[in-house]
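To start, the structure under review is shown below, and the notes come after it.
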Amino acid sequence: MSNDILSVLSVIGSIKFEKFREVYDILLKHNFDQDEQQRLLYSYYDLLSDLETLGHCEVDYVNRQIYICPPSFALLPSRGLPKIILAGSRSENMIKWLIRLGNKHSDKVNVTFSEHFSTKNPLFPQLICIEAKSVGVLKKVTQGIRLEGNLKIAASWNLLAASPSINDINKSLIYNKVVEPNWKKKTFSHERLYFREFECPDEIKLVNYTNPISQQQYTWIWKGDKAAPIDRRWGRYTILNHYKTKIILYDQIKQRFAIPSILPLPQQLGRAATLCTGYLPRKKVLRKQVGDLPENTNITVYDGVTEFMALEISKKLDLNLLNANL
């Protein structure tokens, strides 16, 4: 555990982006030789995004600051024995206590430490899952290590309910006449599904600007000559919703939900989908065209997503689900 990045960040508490990258590079050199580092596709940004998805940290992208969350737990929507996974910071003492607990009370509590295979990076913290014979036993465990959380409702459902919808986002936008900054910019293409440099003639468009001095990025959605700042993830889905793009996939038999990898879900929806199992989503290649997604599109697949959950996420985004073999 001492070599994973969450253990280090748990001691620090909060950290600037630049310092986070330094810590990542140091741990990278400690765990991989130079050839392995060059072949590693899992970047520090990917790692940070995954830590945020699992509730280990909150990220202030405007001020470029990372805050490690206090220790907490998330109840999984399991049909069998109640299960929770740990989120937020963690300490050596907490881990040792859990190991002793599992060894001593194996008839009542099962504590497992699992790798997130989708990351393929030992710097990422293990998934810690605690399964108990009853909610009452889980309550005693969480009280023993002072964890905060809800043992009545699965975290995924709470996050889904608390998440705004596309309609909520659109209603919250305040458009003003502004002078477009003379900065480097890229416009989101609803056909290619990514930001690129081109002159977009559309009345409604999403543009990402980069401050040449600070390198801070800003995303504005334009409606004619008026613009409003918007979260980049919500902004992309707002444009896709405008064009009713068919890009959300669901496998009812395998209970798998998928989106194009270049279109990450808005934070709360991404967490809700991830906390159906507690495991990070997997990357996969689409073997044939589905909807507006061509063959060989890279997709992100969430396991254990019930049909009702998938439908609710699609309603939040106001996009239809497409049947697919995932």
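For the structure tokens, the naming scheme is as follows: chains receive sequential letters (A, B, ...) according to their order of presentation, residues are indexed from 1 within each chain, and ligands are indexed from 1 in presentation order.
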Mind running range 50-116 of chain A against range 146-163 of chain A at 9 Å and telling me each contacting residue's nearest atom pair with the distance in Å (one decimal), counting only C-alpha atoms, chain and number ascending, as a Markdown table?
```
| residue | atom | partner | partner_atom | distance |
| --- | --- | --- | --- | --- |
| A:Pro70 | CA | A:Leu147 | CA | 8.5 |
| A:Pro71 | CA | A:Leu147 | CA | 5.7 |
| A:Ser72 | CA | A:Glu148 | CA | 4.6 |
| A:Phe73 | CA | A:Gly149 | CA | 5.3 |
| A:Ala74 | CA | A:Ala155 | CA | 5.3 |
| A:Leu75 | CA | A:Ala154 | CA | 4.8 |
| A:Leu76 | CA | A:Ala154 | CA | 5.3 |
| A:Pro77 | CA | A:Ala154 | CA | 5.2 |
| A:Ser78 | CA | A:Ala154 | CA | 8.5 |
| A:Pro82 | CA | A:Leu151 | CA | 8.8 |
| A:Ile84 | CA | A:Leu151 | CA | 8.5 |
| A:Leu86 | CA | A:Leu147 | CA | 8.6 |
```
Backbone DSSP call of alpha helix (DSSP H) for range 198-296 of chain A, listed as a PyMOL selection string: chain A and resi 232-242+267-274
Emit the selected residues as a PDB file, in the first residue's frame, including N, CA and C atoms.
```pdb
ATOM      1  N   ARG A 232     -17.064  21.410 -19.183  1.00  0.00           N
ATOM      2  CA  ARG A 232     -16.754  20.829 -20.486  1.00  0.00           C
ATOM      3  C   ARG A 232     -17.522  19.523 -20.742  1.00  0.00           C
ATOM      4  N   ARG A 233     -17.649  18.669 -19.709  1.00  0.00           N
ATOM      5  CA  ARG A 233     -18.342  17.395 -19.908  1.00  0.00           C
ATOM      6  C   ARG A 233     -19.821  17.618 -20.206  1.00  0.00           C
ATOM      7  N   TRP A 234     -20.446  18.493 -19.421  1.00  0.00           N
ATOM      8  CA  TRP A 234     -21.850  18.788 -19.678  1.00  0.00           C
ATOM      9  C   TRP A 234     -22.007  19.502 -21.014  1.00  0.00           C
ATOM     10  N   GLY A 235     -21.023  20.332 -21.360  1.00  0.00           N
ATOM     11  CA  GLY A 235     -21.086  21.060 -22.615  1.00  0.00           C
ATOM     12  C   GLY A 235     -21.129  20.131 -23.817  1.00  0.00           C
ATOM     13  N   ARG A 236     -20.298  19.095 -23.805  1.00  0.00           N
ATOM     14  CA  ARG A 236     -20.286  18.155 -24.926  1.00  0.00           C
ATOM     15  C   ARG A 236     -21.637  17.450 -25.061  1.00  0.00           C
ATOM     16  N   TYR A 237     -22.189  17.015 -23.919  1.00  0.00           N
ATOM     17  CA  TYR A 237     -23.474  16.321 -23.993  1.00  0.00           C
ATOM     18  C   TYR A 237     -24.621  17.276 -24.343  1.00  0.00           C
ATOM     19  N   THR A 238     -24.464  18.557 -24.022  1.00  0.00           N
ATOM     20  CA  THR A 238     -25.469  19.544 -24.433  1.00  0.00           C
ATOM     21  C   THR A 238     -25.521  19.657 -25.953  1.00  0.00           C
ATOM     22  N   ILE A 239     -24.346  19.689 -26.572  1.00  0.00           N
ATOM     23  CA  ILE A 239     -24.287  19.749 -28.038  1.00  0.00           C
ATOM     24  C   ILE A 239     -24.822  18.457 -28.650  1.00  0.00           C
ATOM     25  N   LEU A 240     -24.422  17.322 -28.090  1.00  0.00           N
ATOM     26  CA  LEU A 240     -24.888  16.033 -28.608  1.00  0.00           C
ATOM     27  C   LEU A 240     -26.400  15.902 -28.462  1.00  0.00           C
ATOM     28  N   ASN A 241     -26.929  16.422 -27.362  1.00  0.00           N
ATOM     29  CA  ASN A 241     -28.375  16.419 -27.158  1.00  0.00           C
ATOM     30  C   ASN A 241     -29.082  17.291 -28.190  1.00  0.00           C
ATOM     31  N   HIS A 242     -28.465  18.422 -28.507  1.00  0.00           N
ATOM     32  CA  HIS A 242     -29.043  19.342 -29.503  1.00  0.00           C
ATOM     33  C   HIS A 242     -29.204  18.646 -30.851  1.00  0.00           C
ATOM     34  N   GLN A 267     -19.459  14.281 -13.983  1.00  0.00           N
ATOM     35  CA  GLN A 267     -18.877  13.656 -12.794  1.00  0.00           C
ATOM     36  C   GLN A 267     -19.844  12.788 -11.994  1.00  0.00           C
ATOM     37  N   GLN A 268     -20.994  13.328 -11.604  1.00  0.00           N
ATOM     38  CA  GLN A 268     -21.900  12.564 -10.746  1.00  0.00           C
ATOM     39  C   GLN A 268     -22.476  11.344 -11.451  1.00  0.00           C
ATOM     40  N   LEU A 269     -22.753  11.471 -12.739  1.00  0.00           N
ATOM     41  CA  LEU A 269     -23.268  10.333 -13.487  1.00  0.00           C
ATOM     42  C   LEU A 269     -22.193   9.267 -13.664  1.00  0.00           C
ATOM     43  N   GLY A 270     -20.951   9.702 -13.865  1.00  0.00           N
ATOM     44  CA  GLY A 270     -19.852   8.759 -13.978  1.00  0.00           C
ATOM     45  C   GLY A 270     -19.620   8.005 -12.680  1.00  0.00           C
ATOM     46  N   ARG A 271     -19.722   8.709 -11.575  1.00  0.00           N
ATOM     47  CA  ARG A 271     -19.570   8.052 -10.267  1.00  0.00           C
ATOM     48  C   ARG A 271     -20.717   7.077 -10.019  1.00  0.00           C
ATOM     49  N   ALA A 272     -21.927   7.491 -10.378  1.00  0.00           N
ATOM     50  CA  ALA A 272     -23.093   6.632 -10.168  1.00  0.00           C
ATOM     51  C   ALA A 272     -22.932   5.322 -10.928  1.00  0.00           C
ATOM     52  N   ALA A 273     -22.492   5.401 -12.178  1.00  0.00           N
ATOM     53  CA  ALA A 273     -22.306   4.195 -12.985  1.00  0.00           C
ATOM     54  C   ALA A 273     -21.173   3.337 -12.437  1.00  0.00           C
ATOM     55  N   THR A 274     -20.104   3.968 -11.994  1.00  0.00           N
ATOM     56  CA  THR A 274     -18.946   3.233 -11.458  1.00  0.00           C
ATOM     57  C   THR A 274     -19.301   2.516 -10.165  1.00  0.00           C
TER      58      THR A 274
END
```
Polymer residues at most 10 Å from range 110-116 of chain A, only C-alpha atoms, same-chain spacing of 6 or more positions, as an NGL selection string: :A and (83-85 or 95 or 98-103 or 122 or 124-133 or 278-282)
Let me see the file: selected residues, C-alpha atoms, as a PDB file, in the first residue's frame.
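Listed below is the output, out-v3.pdb:
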```
ATOM      1  CA  LYS A  83     -21.270  -4.642   0.649  1.00  0.00           C
ATOM      2  CA  ILE A  84     -19.437  -1.366   0.954  1.00  0.00           C
ATOM      3  CA  ILE A  85     -16.287  -0.043  -0.657  1.00  0.00           C
ATOM      4  CA  ILE A  95      -5.625  -1.108   6.551  1.00  0.00           C
ATOM      5  CA  LEU A  98      -9.324  -4.147   8.516  1.00  0.00           C
ATOM      6  CA  ILE A  99      -6.966  -7.058   7.899  1.00  0.00           C
ATOM      7  CA  ARG A 100      -7.091  -8.051  11.574  1.00  0.00           C
ATOM      8  CA  LEU A 101     -10.876  -7.709  11.555  1.00  0.00           C
ATOM      9  CA  GLY A 102     -11.246  -9.953   8.519  1.00  0.00           C
ATOM     10  CA  ASN A 103      -8.929 -12.588   9.987  1.00  0.00           C
ATOM     11  CA  PRO A 122       0.321  -0.379  -9.577  1.00  0.00           C
ATOM     12  CA  PHE A 124      -3.480   3.173  -8.369  1.00  0.00           C
ATOM     13  CA  PRO A 125      -4.936   2.155  -4.977  1.00  0.00           C
ATOM     14  CA  GLN A 126      -6.614  -1.197  -4.575  1.00  0.00           C
ATOM     15  CA  LEU A 127     -10.369  -1.500  -4.250  1.00  0.00           C
ATOM     16  CA  ILE A 128     -11.219  -2.313  -0.630  1.00  0.00           C
ATOM     17  CA  CYS A 129     -14.558  -4.070  -0.285  1.00  0.00           C
ATOM     18  CA  ILE A 130     -16.186  -5.085   2.997  1.00  0.00           C
ATOM     19  CA  GLU A 131     -19.012  -7.635   2.929  1.00  0.00           C
ATOM     20  CA  ALA A 132     -20.902  -8.540   6.114  1.00  0.00           C
ATOM     21  CA  LYS A 133     -23.662 -10.895   7.239  1.00  0.00           C
ATOM     22  CA  GLY A 278     -17.077  -0.244  -7.305  1.00  0.00           C
ATOM     23  CA  TYR A 279     -14.727  -1.159 -10.143  1.00  0.00           C
ATOM     24  CA  LEU A 280     -13.487   1.346 -12.689  1.00  0.00           C
ATOM     25  CA  PRO A 281     -15.001   0.944 -16.155  1.00  0.00           C
ATOM     26  CA  ARG A 282     -13.174  -1.076 -18.799  1.00  0.00           C
TER      27      ARG A 282
END
```
Residue list (strand (DSSP E or B), DSSP) for range 111-311 of chain A, as number ranges by chain: A: 111-114, 127-132, 148, 176-177, 184-189, 194-196, 204-210, 217-223, 226-229, 248-251, 256-260, 282-285, 290, 293, 298-303
Shell of 12 Å around Gln252 in chain A, only C-alpha atoms, local chain residues under 3 positions omitted, as a PyMOL selection string: chain A and resi 249+255-258+303-311+321-326
Best match for closeness to Tyr218 in chain A among A:Asp50, A:Glu18, A:Glu203, A:Glu180, counting only C-alpha atoms: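 Residue with the minimum atom-to-atom distance to Tyr218 in chain A: A:Glu180.
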Among the residues A:Phe195, A:Pro229, A:Gln216, A:Lys186, the one that comes closest to Leu173 in chain A [using only C-alpha atoms]: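 Nearest to Leu173 in chain A: A:Pro229.
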All residues 9 Å or closer to Thr245 in chain A, only C-alpha atoms, same chain fewer than 6 positions away omitted, as an NGL selection string: :A and (190-191 or 239 or 291-292 or 319-320)
Residues within 8 Å of Val23 in chain A, only C-alpha atoms, excluding chain neighbours under 4 positions, as a VMD selection string: chain A and resid 5 19 27
